[in-house]
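Visitor: This is the content of work.cif (mmCIF, C-alpha atoms):
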data_protein
loop_
_atom_site.label_atom_id
_atom_site.label_comp_id
_atom_site.auth_asym_id
_atom_site.auth_seq_id
_atom_site.Cartn_x
_atom_site.Cartn_y
_atom_site.Cartn_z
CA MET A 1392 -104.89 28.81 -61.08
CA ILE A 1393 -104.21 29.05 -64.83
CA ILE A 1394 -104.64 32.83 -64.95
CA THR A 1395 -103.59 33.90 -61.47
CA GLU A 1396 -100.06 32.49 -61.45
CA PRO A 1397 -98.82 34.08 -64.71
CA LEU A 1398 -100.63 37.31 -63.78
CA ASN A 1399 -98.86 37.39 -60.43
CA THR A 1400 -95.55 36.86 -62.19
CA ALA A 1401 -96.24 39.64 -64.70
CA LEU A 1402 -97.33 42.03 -61.96
CA GLU A 1403 -94.27 41.28 -59.86
CA ALA A 1404 -92.07 42.06 -62.86
CA ARG A 1405 -93.77 45.45 -63.07
CA GLY A 1406 -93.33 46.23 -59.40
CA THR A 1407 -96.90 45.77 -58.21
CA THR A 1408 -99.19 43.12 -56.73
CA LEU A 1409 -102.44 41.33 -57.49
CA PRO A 1410 -104.43 43.21 -54.78
CA LEU A 1411 -103.28 46.55 -56.22
CA PHE A 1412 -104.12 45.41 -59.75
CA SER A 1413 -107.55 44.27 -58.55
CA GLU A 1414 -108.18 47.66 -56.95
CA LEU A 1415 -107.32 49.38 -60.22
CA MET A 1416 -109.58 47.13 -62.30
CA ILE A 1417 -112.50 47.43 -59.90
CA ARG A 1418 -112.20 51.21 -59.93
CA LEU A 1419 -112.02 51.33 -63.74
CA LEU A 1420 -114.98 49.00 -64.24
CA ASP A 1421 -117.02 50.79 -61.60
CA HIS A 1422 -116.31 54.41 -62.55
CA THR A 1423 -115.20 53.81 -66.19
CA VAL A 1424 -112.87 56.81 -66.02
CA LEU A 1425 -109.70 58.01 -64.30
CA CYS A 1426 -108.41 61.59 -64.42
CA ARG A 1427 -105.08 62.17 -62.73
CA ASN A 1428 -105.85 65.75 -61.72
CA GLU A 1429 -109.20 64.85 -60.12
CA SER A 1430 -107.91 63.68 -56.73
CA LYS A 1431 -104.94 62.20 -54.92
CA LYS A 1432 -106.52 58.74 -55.16
CA GLU A 1433 -107.10 58.98 -58.91
CA ALA A 1434 -103.53 60.22 -59.39
CA GLU A 1435 -102.31 57.12 -57.57
CA LEU A 1436 -104.51 54.83 -59.67
CA TYR A 1437 -103.56 56.55 -62.91
CA ASP A 1438 -99.85 56.11 -62.15
CA ARG A 1439 -100.52 52.46 -61.36
CA TYR A 1440 -102.29 52.10 -64.70
CA LEU A 1441 -99.15 53.35 -66.45
CA GLN A 1442 -97.21 50.55 -64.74
CA VAL A 1443 -99.52 47.80 -65.95
CA HIS A 1444 -101.36 49.28 -68.95
CA ASP A 1445 -100.61 46.27 -71.15
CA LEU A 1446 -102.08 43.87 -68.59
CA VAL A 1447 -105.15 46.07 -68.18
CA GLU A 1448 -105.71 46.04 -71.95
CA GLU A 1449 -105.31 42.25 -72.13
CA TYR A 1450 -107.81 41.84 -69.31
CA LEU A 1451 -110.38 44.11 -70.95
CA VAL A 1452 -110.04 42.72 -74.47
CA VAL A 1453 -111.53 39.44 -73.23
CA LEU A 1454 -114.63 41.41 -72.21
CA HIS A 1455 -114.66 43.36 -75.51
CA ILE A 1456 -114.34 46.56 -73.47
CA ARG A 1457 -112.40 49.33 -75.18
CA ILE A 1458 -110.01 51.66 -73.41
CA LEU A 1459 -108.84 55.10 -74.48
CA HIS A 1460 -105.75 56.57 -72.84
CA GLU A 1461 -105.32 60.30 -73.37
CA SER A 1462 -101.72 60.66 -72.20
CA ARG A 1463 -101.66 64.40 -72.92
CA PHE A 1464 -104.53 64.99 -70.50
CA GLN A 1465 -103.61 62.08 -68.20
CA SER A 1466 -106.97 60.39 -68.40
CA VAL A 1467 -108.21 56.86 -69.06
CA ARG A 1468 -111.77 56.00 -70.09
CA LEU A 1469 -113.55 52.72 -70.81
CA PHE A 1470 -116.10 52.26 -73.59
CA PRO A 1471 -118.63 49.47 -74.16
CA PRO A 1472 -118.34 46.99 -77.04
CA GLY A 1473 -119.29 48.54 -80.36
CA ALA A 1474 -118.69 52.10 -79.20
CA ASP A 1475 -117.63 54.67 -81.79
CA VAL A 1476 -114.55 56.14 -80.13
CA PRO A 1477 -112.47 58.91 -81.73
CA GLY A 1478 -108.85 57.79 -81.76
CA LEU A 1479 -109.67 54.08 -81.78
CA SER A 1480 -110.26 51.85 -84.78
CA ASP A 1481 -113.82 50.77 -85.54
CA CYS A 1482 -115.11 47.71 -83.73
CA ASP A 1483 -117.72 45.23 -84.95
CA ASP A 1484 -119.10 44.39 -81.50
CA SER A 1485 -122.68 45.55 -81.22
CA PHE A 1486 -124.28 43.73 -78.31
CA ASN A 1487 -125.69 45.60 -75.35
CA THR A 1488 -123.67 45.95 -72.17
CA GLY A 1489 -124.04 47.25 -68.65
CA LEU A 1490 -121.41 49.89 -69.37
CA ARG A 1491 -123.95 51.93 -71.34
CA GLN A 1492 -126.37 54.24 -69.63
CA ARG A 1493 -129.11 56.42 -71.00
CA LEU A 1494 -129.22 59.95 -69.72
CA SER A 1495 -132.09 62.34 -69.17
CA GLN A 1496 -133.06 64.97 -71.73
CA GLN A 1497 -131.60 67.73 -69.55
CA GLU A 1498 -128.31 65.90 -69.09
CA VAL A 1499 -127.89 65.23 -72.81
CA ALA A 1500 -128.86 68.81 -73.68
CA THR A 1501 -126.30 70.25 -71.28
CA ILE A 1502 -123.56 67.90 -72.49
CA LEU A 1503 -124.22 68.89 -76.10
CA VAL A 1504 -123.99 72.57 -75.19
CA LEU A 1505 -120.78 71.98 -73.23
CA ARG A 1506 -119.31 70.30 -76.31
CA ALA A 1507 -120.35 73.22 -78.52
CA GLU A 1508 -118.87 75.74 -76.09
CA TYR A 1509 -115.65 73.74 -75.87
CA ASP A 1510 -115.40 73.63 -79.66
CA LYS A 1511 -115.96 77.39 -79.84
CA SER A 1512 -113.24 78.10 -77.27
CA LEU A 1513 -110.90 75.68 -79.04
CA ARG A 1514 -111.29 77.58 -82.31
CA GLU A 1515 -110.63 80.84 -80.49
CA GLY A 1516 -107.56 79.42 -78.75
CA GLN A 1517 -109.06 79.94 -75.31
CA ILE A 1518 -107.83 76.72 -73.70
CA ASP A 1519 -105.24 76.15 -70.98
CA GLU A 1520 -102.17 73.93 -71.11
CA GLN A 1521 -104.27 70.95 -69.97
CA GLY A 1522 -106.74 71.40 -72.81
CA GLN A 1523 -109.45 72.71 -70.48
CA VAL A 1524 -111.92 75.55 -71.06
CA VAL A 1525 -113.19 77.85 -68.31
CA LEU A 1526 -116.79 79.01 -68.73
CA PRO A 1527 -118.99 81.30 -66.58
CA MET A 1528 -122.17 79.65 -65.34
CA GLU A 1529 -124.22 82.49 -66.80
CA ALA A 1530 -122.64 81.90 -70.23
CA LEU A 1531 -123.54 78.20 -70.05
CA ASN A 1532 -127.13 79.00 -69.15
CA LEU A 1533 -127.37 81.50 -72.02
CA ALA A 1534 -125.88 78.98 -74.46
CA CYS A 1535 -128.44 76.37 -73.37
CA LYS A 1536 -131.22 78.84 -74.14
CA ASN A 1537 -129.77 79.92 -77.48
CA LEU A 1538 -128.78 76.50 -78.83
CA LEU A 1539 -131.52 74.25 -77.50
CA ASN A 1540 -134.13 76.60 -76.06
CA ARG A 1541 -133.65 74.79 -72.76
CA PRO A 1542 -132.19 76.73 -69.80
CA LEU A 1543 -130.45 75.08 -66.90
CA PRO A 1544 -132.82 73.68 -64.26
CA GLU A 1545 -134.27 76.30 -61.93
CA SER A 1546 -134.84 73.76 -59.16
CA THR A 1547 -131.91 73.62 -56.75
CA THR A 1548 -132.23 69.85 -56.44
CA ASP A 1549 -132.31 69.27 -60.20
CA ARG A 1550 -129.42 71.63 -60.88
CA ARG A 1551 -127.24 70.02 -58.23
CA SER A 1552 -128.05 66.56 -59.59
CA LEU A 1553 -127.19 67.67 -63.11
CA PHE A 1554 -123.76 69.04 -62.22
CA ARG A 1555 -123.03 66.12 -59.93
CA LYS A 1556 -123.62 63.78 -62.88
CA LEU A 1557 -121.38 65.86 -65.14
CA ARG A 1558 -118.61 65.73 -62.55
CA GLN A 1559 -118.99 61.96 -62.22
CA LEU A 1560 -118.60 61.65 -65.97
CA ARG A 1561 -115.41 63.73 -65.65
CA LEU A 1562 -116.74 66.23 -68.19
CA ILE A 1563 -116.41 69.24 -65.93
CA ARG A 1564 -114.68 70.52 -62.83
CA SER A 1565 -116.66 72.83 -60.59
CA GLY A 1566 -117.12 74.02 -57.06
CA ASN A 1567 -119.36 72.34 -54.52
CA ASP A 1568 -123.12 72.07 -54.93
CA ASP A 1569 -123.75 75.42 -53.23
CA ALA A 1570 -121.49 77.20 -55.72
CA MET A 1571 -123.65 75.99 -58.60
CA GLU A 1572 -126.42 78.32 -57.44
CA ASP A 1573 -124.24 81.37 -58.03
CA ALA A 1574 -124.72 82.93 -61.48
CA GLU A 1575 -121.17 84.28 -61.23
CA ALA A 1576 -119.66 80.83 -60.62
CA TRP A 1577 -117.30 79.27 -63.16
CA ILE A 1578 -116.95 75.72 -64.42
CA THR A 1579 -114.05 74.05 -66.20
CA ILE A 1580 -114.85 71.87 -69.22
CA ARG A 1581 -112.48 68.92 -69.54
CA PRO A 1582 -111.08 67.89 -72.94
CA ASP A 1583 -112.72 64.47 -72.44
CA ILE A 1584 -115.93 66.07 -73.73
CA THR A 1585 -114.58 65.66 -77.28
CA THR A 1586 -114.31 61.90 -76.80
CA LEU A 1587 -117.82 61.37 -75.47
CA VAL A 1588 -119.53 63.72 -77.94
CA THR A 1589 -118.23 63.15 -81.46
CA ASP A 1590 -118.10 65.74 -84.23
CA LYS A 1591 -120.98 63.91 -85.93
CA ILE A 1592 -123.20 64.33 -82.90
CA LEU A 1593 -122.16 67.95 -82.52
CA ALA A 1594 -123.16 68.59 -86.13
CA GLN A 1595 -126.65 67.29 -85.37
CA LEU A 1596 -127.03 70.12 -82.89
CA ILE A 1597 -127.26 72.53 -85.79
CA GLU A 1598 -129.98 70.53 -87.56
CA GLU A 1599 -132.21 69.36 -84.76
CA THR A 1600 -132.97 69.98 -81.10
CA LEU A 1601 -134.08 67.79 -78.26
CA PRO A 1602 -137.88 67.67 -77.71
CA ALA A 1603 -138.54 70.60 -75.38
CA GLU A 1604 -141.86 69.14 -74.24
CA GLN A 1605 -140.23 66.02 -72.80
CA GLU A 1606 -139.04 67.20 -69.44
CA PRO A 1607 -136.67 64.93 -67.50
CA SER A 1608 -137.82 63.47 -64.22
CA SER A 1609 -136.47 65.14 -61.09
CA GLU A 1610 -135.86 61.64 -59.71
CA ILE A 1611 -132.23 60.91 -60.49
CA ASP A 1612 -132.79 57.14 -60.39
CA GLN A 1613 -135.70 57.21 -62.86
CA PRO A 1614 -134.92 59.85 -65.48
CA SER A 1615 -136.68 60.39 -68.76
CA THR A 1616 -134.24 59.04 -71.33
CA THR A 1617 -132.95 59.62 -74.79
CA ASP A 1618 -130.60 57.82 -77.14
CA ILE A 1619 -128.17 60.05 -79.01
CA ASP A 1620 -125.94 57.45 -80.65
CA GLU A 1621 -126.15 55.11 -77.65
CA SER A 1622 -123.40 52.96 -79.12
CA SER A 1623 -120.82 55.71 -78.96
CA PHE A 1624 -120.75 57.21 -75.49
CA PHE A 1625 -122.06 57.55 -71.95
CA ASN A 1626 -120.96 54.82 -69.61
CA LYS A 1627 -122.14 53.35 -66.34
CA LEU A 1628 -121.87 55.78 -63.46
CA PRO A 1629 -121.03 55.00 -59.84
CA GLU A 1630 -123.87 55.36 -57.35
CA ASN A 1631 -121.73 57.71 -55.24
CA PRO A 1632 -119.35 60.46 -56.29
CA PRO A 1633 -115.71 59.33 -56.63
CA GLU A 1634 -113.25 60.11 -53.91
#
Let me see the file written as structure tokens.
Guide:
Amino acid sequence: MIITEPLNTALEARGTTLPLFSELMIRLLDHTVLCRNESKKEAELYDRYLQVHDLVEEYLVVLHIRILHESRFQSVRLFPPGADVPGLSDCDDSFNTGLRQRLSQQEVATILVLRAEYDKSLREGQIDEQGQVVLPMEALNLACKNLLNRPLPESTTDRRSLFRKLRQLRLIRSGNDDAMEDAEAWITIRPDITTLVTDKILAQLIEETLPAEQEPSSEIDQPSTTDIDESSFFNKLPENPPE
């Protein structure tokens, strides 16, 4: 085929194969994010991306999908056409795409608070060598109350669903679902939070809050939704947690 033959040649020159390239592209398009320190599998895929990053970019440019590689934090994230991405030049594409996903009120509220807490720790120099911030669960709950007058969900099911979604987005690292019920538990905020929530959106947190009366649905597949700059962040999530 016109595309397959030169692609095979290019991949061979880079020490890999078409099946391995296909696995990488499927994972990227499905999960939209790779973080090397997430798992052994993602470390393998991230290293493979480094081998063929130019071919990945050429493949995605045809689809108008944007890719941001944070080499310092060893992460790769895809963005839909027209997305406002810090670190990338502006793009004129504005059509809708399946890469975008609306999130529930509770999810957006928590992400905004995580961004604010990350920014606070960054100013205070309380970040580790990987750009991550460690935060007590109780401090996160208090910040949610203070900033948005919206505490973390009291329901065990809703709270587990919330943190599972945040882990899928690679915004946090945390213990298992049971650990999220412990007020003394800790979570780690990834530096990727600054890419998904821009400074402009963070500034809006000071001026306005999310409607407290609009409670998100406890059904994870049919959440109440909100658009906070839909064109700039929040991508399609996998149905199941990554490996």
Visitor: Could you give me, as CSV, a per-residue list for segment 1405-1516 of chain A showing, wherever an atom lies at most 12 Å from an atom of segment 1397-1400 of chain A, the closest pair of atoms and their distance in Å to one decimal, using all atoms listed in the file and sorting by chain then residue number from low to high?
Guide:
residue,atom,partner,partner_atom,distance
A:Arg1405,CA,A:Thr1400,CA,8.8
A:Gly1406,CA,A:Thr1400,CA,10.0
A:Thr1407,CA,A:Asn1399,CA,8.9
A:Thr1408,CA,A:Asn1399,CA,6.8
A:Leu1409,CA,A:Asn1399,CA,6.1
A:Pro1410,CA,A:Asn1399,CA,9.8
A:Leu1411,CA,A:Asn1399,CA,11.0
A:Phe1412,CA,A:Asn1399,CA,9.6
A:Ser1413,CA,A:Leu1398,CA,11.1
A:Val1443,CA,A:Leu1398,CA,10.8
A:Asp1445,CA,A:Leu1398,CA,11.6
A:Leu1446,CA,A:Leu1398,CA,8.3
A:Val1447,CA,A:Leu1398,CA,10.8
A:Glu1449,CA,A:Leu1398,CA,10.8
A:Tyr1450,CA,A:Leu1398,CA,10.1
Visitor: Carefully work through the PyMOL selection byres ((chain A and resi 1419-1425) around 6) for this structure and note down the residues it includes, as a list in words.
Guide: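 So the PyMOL selection byres ((chain A and resi 1419-1425) around 6), applied here, picks out Met1416, Ile1417, Arg1418, Cys1426, Ser1466, Val1467, Arg1468, Leu1469, Leu1628 and Pro1629 of chain A.
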Visitor: If the PyMOL selection byres ((chain A and resi 1464) around 10) is run on the structure shown, which residues does it catch, given as a ChimeraX atom specification?
Guide: /A:1426-1428,1460-1463,1465-1467,1520-1523,1581-1583
Visitor: Just the number, please: distance in Å from atom CA of Glu1498 of chain A to atom CA of Glu1433 of chain A, one decimal.
Guide: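 Atom CA of Glu1433 of chain A lies 24.5 Å from atom CA of Glu1498 of chain A.
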Visitor: Would you list the contacts of segment 1557-1565 of chain A as a PyMOL selection string, taking every protein, DNA or RNA residue within 6 Å and counting only C-alpha atoms, but skipping same-chain residues closer than 5 positions in sequence?
Guide: chain A and resi 1578-1581+1584
Visitor: Which centre and which edge lengths, in Å to one decimal, describe the axis-aligned box that holds all listed atoms of segment 1512-1525 of chain A after 3 Å is added on each side, as JSON?
Guide:
{"center_x": -107.7, "center_y": 75.9, "center_z": -75.3, "size_x": 17.1, "size_y": 15.9, "size_z": 20.0}
Visitor: List as a ChimeraX atom specification the residues having at least one atom at most 12 Å from position (-118.1, 73.8, -78.3) as given in the file, counting only C-alpha atoms.
Guide: /A:1501-1518,1523-1526,1531,1534-1535,1538,1580-1582,1584-1585,1588-1590,1592-1594,1596-1597
Visitor: Those residues you just picked out, can you put them in a file as a JSON list (two decimals), in the coordinates of the input with C-alpha atoms?
Guide:
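Final output, saved to again_1.json:
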[["chain", "number", "residue", "atom", "x", "y", "z"],
["A", 1501, "THR", "CA", -126.30, 70.25, -71.28],
["A", 1502, "ILE", "CA", -123.56, 67.90, -72.49],
["A", 1503, "LEU", "CA", -124.22, 68.89, -76.10],
["A", 1504, "VAL", "CA", -123.99, 72.57, -75.19],
["A", 1505, "LEU", "CA", -120.78, 71.98, -73.23],
["A", 1506, "ARG", "CA", -119.31, 70.30, -76.31],
["A", 1507, "ALA", "CA", -120.35, 73.22, -78.52],
["A", 1508, "GLU", "CA", -118.87, 75.74, -76.09],
["A", 1509, "TYR", "CA", -115.65, 73.74, -75.87],
["A", 1510, "ASP", "CA", -115.40, 73.63, -79.66],
["A", 1511, "LYS", "CA", -115.96, 77.39, -79.84],
["A", 1512, "SER", "CA", -113.24, 78.10, -77.27],
["A", 1513, "LEU", "CA", -110.90, 75.68, -79.04],
["A", 1514, "ARG", "CA", -111.29, 77.58, -82.31],
["A", 1515, "GLU", "CA", -110.63, 80.84, -80.49],
["A", 1516, "GLY", "CA", -107.56, 79.42, -78.75],
["A", 1517, "GLN", "CA", -109.06, 79.94, -75.31],
["A", 1518, "ILE", "CA", -107.83, 76.72, -73.70],
["A", 1523, "GLN", "CA", -109.45, 72.71, -70.48],
["A", 1524, "VAL", "CA", -111.92, 75.55, -71.06],
["A", 1525, "VAL", "CA", -113.19, 77.85, -68.31],
["A", 1526, "LEU", "CA", -116.79, 79.01, -68.73],
["A", 1531, "LEU", "CA", -123.54, 78.20, -70.05],
["A", 1534, "ALA", "CA", -125.88, 78.98, -74.46],
["A", 1535, "CYS", "CA", -128.44, 76.37, -73.37],
["A", 1538, "LEU", "CA", -128.78, 76.50, -78.83],
["A", 1580, "ILE", "CA", -114.85, 71.87, -69.22],
["A", 1581, "ARG", "CA", -112.48, 68.92, -69.54],
["A", 1582, "PRO", "CA", -111.08, 67.89, -72.94],
["A", 1584, "ILE", "CA", -115.93, 66.07, -73.73],
["A", 1585, "THR", "CA", -114.58, 65.66, -77.28],
["A", 1588, "VAL", "CA", -119.53, 63.72, -77.94],
["A", 1589, "THR", "CA", -118.23, 63.15, -81.46],
["A", 1590, "ASP", "CA", -118.10, 65.74, -84.23],
["A", 1592, "ILE", "CA", -123.20, 64.33, -82.90],
["A", 1593, "LEU", "CA", -122.16, 67.95, -82.52],
["A", 1594, "ALA", "CA", -123.16, 68.59, -86.13],
["A", 1596, "LEU", "CA", -127.03, 70.12, -82.89],
["A", 1597, "ILE", "CA", -127.26, 72.53, -85.79]]
Visitor: Could you jot down the atom CA of Glu1575 of chain A to atom CA of Ser1495 of chain A separation for me, Å, one decimal place?
Guide: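 Atom-to-atom, atom CA of Glu1575 of chain A to atom CA of Ser1495 of chain A, that is 25.8 Å.
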Visitor: Smallest atom-to-atom distance to Arg1439 of chain A: which of A:Leu1533, A:Ile1393, A:Leu1553, A:Leu1402, using only C-alpha atoms?
Guide: A:Leu1402
Visitor: When distances are computed from only C-alpha atoms, which of A:Val1499, A:Ile1456, A:Leu1415, A:Leu1451 shows the smallest separation from Phe1554 of chain A?
Guide: A:Val1499
Visitor: Can you tell me how far atom CA of Asp1438 of chain A sits from atom CA of Ala1404 of chain A, in Å to one decimal?
Guide: 16.1 Å
Visitor: Which is closer to Ser1552 of chain A than all the others in A:Asn1532, A:Lys1591, A:Asp1519, A:Gln1497, using all atoms listed in the file?
Guide: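 So, comparing all the options, the nearest one is A:Gln1497.
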